[in-house]
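As structure tokens, the structure follows; a few thoughts come after it.
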Amino acid sequence: MRSRDALLATVLILGAAACVTQTSSSRPPERPTVGFGHPISEADVAPWNIDIRTTDGRGLPSGRGSVAQGKVVYEAKCIACHGPEAKGGAMYGTMVGGIGSFKTNSRVVTPGSMYPYAPILFDYVRRSMPMDRPLSMTADEVYAVSAYILHLNGLVPADAVLDQATLPKVQMPNRDGFMLDDRPDTRAVRCMRGCK
Amino acid sequence: MPDTRRNFLRRSALIAGTALAGAGLARSTSAAPLEVPPTAQQPGRPIPPASYGMPSKFESQVVRRRTDVFVNRQNWSDWSMTPLQHQHGIVTPNGLIFERHHAGIPDIDPATHRLVIHGMVKQPLVFSMDNLLRYPSVSKFHFMECSGNTLTDWTKVASTTVQQTHGLLSCAQWTGVPVSWLLDEAGVAPAARWVLFEGADGSNHTRSIPLDKVMDDVLLVYAQNGEMLRPEQGYPLRAFIPGWEGNVSVKWLRRIKVADQPWHFRSETARYTDPMPDGKWRQFSFVMECKSVITRPSGGMKLDRPGFHEIQGFAWSGRGRVSAVDLSVDGGKNWQTSTLEEPVIDKCLTRFRYRWNWDGRPAVIASRAVDSTGYVQPTVQDIMKARAIAGFVQHHNGVFPWSVSASGEVRNAIA
């Protein structure tokens, strides 16, 4: 992972350098010598500091939850929109299946088929779900409902209990499913007469 | 209007835009004596003591619309599209700028809004809106396009109007503070490479952005087209990342965190990635490549008669300036250069115009843009060679043809 991100950073830096030469007019003017920010401690930022580095789970809180507890959370807080067993409901399509579908033209994109790292599920569910009351669940509830969704996708056993140590270890099938942006990937020519 | 045919025409014109009259109208019709308009014979509405001016009531069809081609089951994580067929200059009026939200539109009191910068910095900082407004400001004209713009129309015709095919595109003058100033103030650690932007909306939307781009030209924006941001554009504060897919310009911005690696959020793995033929997904595909579209005449319009018609449209590139727009009226066999209208601005909508004398025979019209890097806008067939474009896809910048029938009907001709 590390080497891939290092490569990614290099590619993006080269790309950015190319942009600078082409579009220097968009550079901002010089920074004024004054500043108006107020110092704050990381401790005071803590209530907002919820992001998780999903590659290794850094930032995951303490707490734990089982598949069985997750089913209870799911049926109380998620089923209305996502349907029984996350197979699709009133407001969203399926959240299970699709593994192995990406080489076909009917890709099924779900947390199971698509997320390269399991902590993505924790991070997203905590910050965005349930859609009618985001940021309302305890860490235990988020671990539990994540375990339940991973179980429905066949990625953890029925007796799994997830926490900050075990969640990052769940092997996701799409872990190596991504590539860097290599555009421009087309080489159209500016034909003017008698084209095609 | 008793005549049903005219009623029908009028209704279709309202949906699509306008029926376009050709040349010769004045010469071929004998003019009736002019009537003095009643508005010239009485005073109009008095000036109200205070008001926010609205468009004429006769322009009520010019509105953002959700597309009916792709229907979501809820309208919080959804989008509405800009009526490009009615946009007469490079600036999109504030009430018509497209929307894409992930949990609806919050109403945020600027007095309580805070932006925090922390992570790999010497000194974490917090800013109120008052603090941010004390900095010198920078104003830039830039387009904003959703990575999913044109996503319904690749291999088959799905949409009718250019609002539906290309309306996840707008352009405004954005005003704010370079993010680099605030990051310098906080003191970024030498090992830092990535930055997280997080919103204060119900999706707490986040993206990882390379630090180099952030230091280069990213703005913290609080105003658009001369007034404070609209709620649906991120009031009171948003990120603005010139030339990149709209999703990274996080609205309702409340947190910037500096780190050495990207986070790989759902929004940059399961979403906003592009399917490739070998089953892989292209990630961090930020740049919106050079693209153009004819907005007039465009899908759903009708050319009243053969003769003179000005073809108009927009071209743009996330990599720089538009250097040329070519025009074909024979389905791409032959091309002519169109006229680019000033101003031609870096990463901004550019207006092109082409004077066309339509001979009344079926025609296929299309535009093809070239940008300052020499990149030529591809066709869908060109893109298909590189990517797996069936299904839900992003970053469709293909040449977009419209067909004109012998009776003047203009239709989507992408496939």
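Chains: A, B, ... in order of the structure tokens. Residues: from 1 per chain. Ligands: from 1, in order shown.
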I'd like the contact shell of Glu30 of chain A - 10 Å cut-off, only C-alpha atoms, skipping same-chain residues fewer than 3 positions apart - returned as an MDAnalysis selection string.
(chainID A and resid 27 33) or (chainID B and resid 178 180:181)
Would you save the residues of that selection, restricted to N, CA, C and O atoms, as an mmCIF file, in the first residue's frame?
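File result_28.cif, as written:
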data_model
loop_
_atom_site.group_PDB
_atom_site.id
_atom_site.type_symbol
_atom_site.label_atom_id
_atom_site.label_comp_id
_atom_site.auth_asym_id
_atom_site.auth_seq_id
_atom_site.Cartn_x
_atom_site.Cartn_y
_atom_site.Cartn_z
ATOM 1 N N ARG A 27 -2.323 30.956 -10.461
ATOM 2 C CA ARG A 27 -1.653 31.013 -9.151
ATOM 3 C C ARG A 27 -2.189 32.185 -8.334
ATOM 4 O O ARG A 27 -2.416 33.266 -8.853
ATOM 5 N N THR A 33 0.942 39.513 5.033
ATOM 6 C CA THR A 33 1.801 39.217 6.184
ATOM 7 C C THR A 33 0.996 39.052 7.472
ATOM 8 O O THR A 33 1.543 38.719 8.505
ATOM 9 N N PRO B 178 -7.214 32.138 -1.017
ATOM 10 C CA PRO B 178 -6.437 30.939 -1.361
ATOM 11 C C PRO B 178 -6.219 30.062 -0.126
ATOM 12 O O PRO B 178 -5.816 30.559 0.928
ATOM 13 N N SER B 180 -3.918 28.077 0.314
ATOM 14 C CA SER B 180 -2.477 28.049 0.620
ATOM 15 C C SER B 180 -2.112 29.078 1.695
ATOM 16 O O SER B 180 -1.252 28.829 2.533
ATOM 17 N N TRP B 181 -2.782 30.227 1.695
ATOM 18 C CA TRP B 181 -2.474 31.243 2.710
ATOM 19 C C TRP B 181 -2.733 30.692 4.115
ATOM 20 O O TRP B 181 -1.951 30.880 5.035
#
As a CSV table (one decimal) with N, CA and C atoms, in the first residue's frame, please: the residues near Asn174 of chain A (cut-off 12 Å, only C-alpha atoms, same-chain neighbours under 2 positions excluded).
chain,number,residue,atom,x,y,z
A,98,GLY,N,-22.5,-8.8,-5.9
A,98,GLY,CA,-21.7,-8.1,-6.9
A,98,GLY,C,-20.3,-8.5,-7.0
A,99,ILE,N,-19.8,-9.3,-6.0
A,99,ILE,CA,-18.4,-9.7,-6.1
A,99,ILE,C,-18.2,-10.5,-7.4
A,100,GLY,N,-17.2,-10.1,-8.1
A,100,GLY,CA,-16.9,-10.8,-9.4
A,100,GLY,C,-17.6,-10.2,-10.6
A,101,SER,N,-18.4,-9.2,-10.4
A,101,SER,CA,-19.2,-8.7,-11.5
A,101,SER,C,-18.5,-7.6,-12.3
A,102,PHE,N,-17.3,-7.2,-11.9
A,102,PHE,CA,-16.7,-6.0,-12.6
A,102,PHE,C,-16.1,-6.2,-14.0
A,109,VAL,N,-22.4,-2.7,-7.7
A,109,VAL,CA,-21.5,-1.9,-6.8
A,109,VAL,C,-22.1,-1.9,-5.4
A,110,THR,N,-21.5,-2.7,-4.5
A,110,THR,CA,-22.0,-2.7,-3.1
A,110,THR,C,-20.7,-2.6,-2.2
A,111,PRO,N,-21.0,-2.4,-0.9
A,111,PRO,CA,-19.8,-2.3,0.0
A,111,PRO,C,-19.0,-3.6,-0.1
A,112,GLY,N,-19.6,-4.7,-0.3
A,112,GLY,CA,-18.9,-6.0,-0.4
A,112,GLY,C,-18.1,-6.1,-1.7
A,113,SER,N,-18.7,-5.7,-2.8
A,113,SER,CA,-17.9,-5.8,-4.1
A,113,SER,C,-16.9,-4.7,-4.3
A,114,MET,N,-17.2,-3.6,-3.7
A,114,MET,CA,-16.5,-2.4,-4.2
A,114,MET,C,-15.4,-1.8,-3.2
A,115,TYR,N,-15.8,-1.8,-1.9
A,115,TYR,CA,-14.8,-1.2,-0.9
A,115,TYR,C,-13.5,-1.9,-0.9
A,116,PRO,N,-12.4,-1.3,-1.1
A,116,PRO,CA,-11.1,-2.0,-1.0
A,116,PRO,C,-10.7,-2.3,0.5
A,117,TYR,N,-11.2,-1.5,1.4
A,117,TYR,CA,-10.8,-1.6,2.8
A,117,TYR,C,-12.0,-1.6,3.7
A,118,ALA,N,-12.2,-2.5,4.6
A,118,ALA,CA,-13.4,-2.6,5.4
A,118,ALA,C,-13.6,-1.3,6.3
A,155,LEU,N,-18.3,-11.9,4.0
A,155,LEU,CA,-16.9,-11.5,4.2
A,155,LEU,C,-16.5,-11.7,5.6
A,170,VAL,N,-10.2,-7.4,7.9
A,170,VAL,CA,-11.1,-8.1,7.0
A,170,VAL,C,-10.7,-7.9,5.6
A,171,GLN,N,-10.5,-9.0,4.9
A,171,GLN,CA,-10.0,-9.0,3.5
A,171,GLN,C,-11.1,-8.6,2.6
A,172,MET,N,-10.9,-7.6,1.8
A,172,MET,CA,-12.0,-7.1,0.9
A,172,MET,C,-11.6,-7.6,-0.5
A,176,ASP,N,-7.3,-4.8,-4.5
A,176,ASP,CA,-6.4,-4.4,-5.6
A,176,ASP,C,-7.1,-4.0,-6.8
A,177,GLY,N,-8.3,-3.6,-6.7
A,177,GLY,CA,-9.2,-3.3,-7.8
A,177,GLY,C,-9.0,-1.9,-8.4
A,178,PHE,N,-8.0,-1.1,-7.9
A,178,PHE,CA,-7.9,0.3,-8.4
A,178,PHE,C,-6.6,0.6,-9.1
A,179,MET,N,-6.7,1.5,-10.0
A,179,MET,CA,-5.5,2.0,-10.7
A,179,MET,C,-5.4,3.5,-10.7
B,269,THR,N,-13.6,5.7,-3.6
B,269,THR,CA,-13.3,4.3,-4.0
B,269,THR,C,-14.6,3.7,-4.6
B,270,ALA,N,-15.7,3.7,-3.8
B,270,ALA,CA,-16.9,3.1,-4.3
B,270,ALA,C,-17.7,4.1,-5.2
B,279,GLY,N,-11.8,-4.8,-15.5
B,279,GLY,CA,-12.5,-5.0,-14.2
B,279,GLY,C,-11.9,-4.1,-13.1
B,280,LYS,N,-10.9,-3.3,-13.4
B,280,LYS,CA,-10.4,-2.3,-12.4
B,280,LYS,C,-11.1,-1.0,-12.5
B,281,TRP,N,-10.8,-0.2,-11.5
B,281,TRP,CA,-11.5,1.1,-11.4
B,281,TRP,C,-10.4,2.2,-11.3
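For segment 278-320 of chain B, a DSSP pass over the backbone yields strand (DSSP E or B) at Trp281, Arg282, Gln283, Val287, Lys291, Ser292, Val293, Ile294, Thr295, Arg296, Lys302, Leu303, Gly307, Phe308, His309, Glu310, Ile311, Gln312, Gly313, Phe314, Ala315 and Trp316 of chain B.
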Which residues of chain A have any atom within 6 Å of an atom in chain B when counting only C-alpha atoms, and what is the closest pair of atoms for each, with the distance in Å to one decimal? Order the rows by chain and rising number and write it as a tab-separated table.
residue	atom	partner	partner_atom	distance
A:Thr23	CA	B:Gly320	CA	6.0
A:Arg27	CA	B:Asp217	CA	5.4
A:Arg31	CA	B:Trp181	CA	5.5
A:Phe36	CA	B:Asn131	CA	5.5
A:Gly37	CA	B:Phe127	CA	5.2
A:His38	CA	B:Val126	CA	5.2
A:Pro39	CA	B:Leu125	CA	4.6
A:Ile40	CA	B:Leu125	CA	5.4
A:Arg53	CA	B:Trp263	CA	4.6
A:Thr54	CA	B:Trp263	CA	5.8
A:Met91	CA	B:Arg73	CA	4.8
A:Phe102	CA	B:Gly279	CA	4.7
A:Lys103	CA	B:Gly279	CA	4.4
A:Asn105	CA	B:Ala390	CA	5.9
A:Met114	CA	B:Ala270	CA	5.5
A:Tyr115	CA	B:Ala270	CA	5.8
A:Ile120	CA	B:Phe265	CA	5.8
A:Arg127	CA	B:Asn204	CA	5.7
A:Ser128	CA	B:Ser203	CA	4.4
A:Gly177	CA	B:Lys280	CA	4.9
A:Phe178	CA	B:Trp281	CA	4.7
A:Met179	CA	B:Arg282	CA	4.9
A:Leu180	CA	B:Gln283	CA	5.5
A:Asp181	CA	B:Ser285	CA	5.1
A:Ala188	CA	B:Pro378	CA	5.2
A:Met192	CA	B:Trp335	CA	4.8
A:Arg193	CA	B:Asn334	CA	4.6
A:Gly194	CA	B:Lys333	CA	5.2
A:Cys195	CA	B:Lys333	CA	4.6
Distance query Arg238 of chain B at most 6 Å, only C-alpha atoms, self and fewer than 6 positions along chain excluded, as a count of residues only:
6
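Near Leu20 of chain B, within a cut-off of 10 Å and counting only C-alpha atoms, sit the residues Ala13, Arg296, Pro297, Met301, Lys302, Leu303, Asp304, Arg305, His309, Glu310 and Gly408 of chain B, with same-chain residues fewer than 4 positions away left out.
Across A:Thr94, A:Ser146, A:Gln164, A:Asn49, the tightest approach to Val72 of chain A is made by A:Ser146 when counting only C-alpha atoms.
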In Å, with one decimal, what is the gap from atom CA of Val293 of chain B to atom CA of His86 of chain B?
13.5 Å
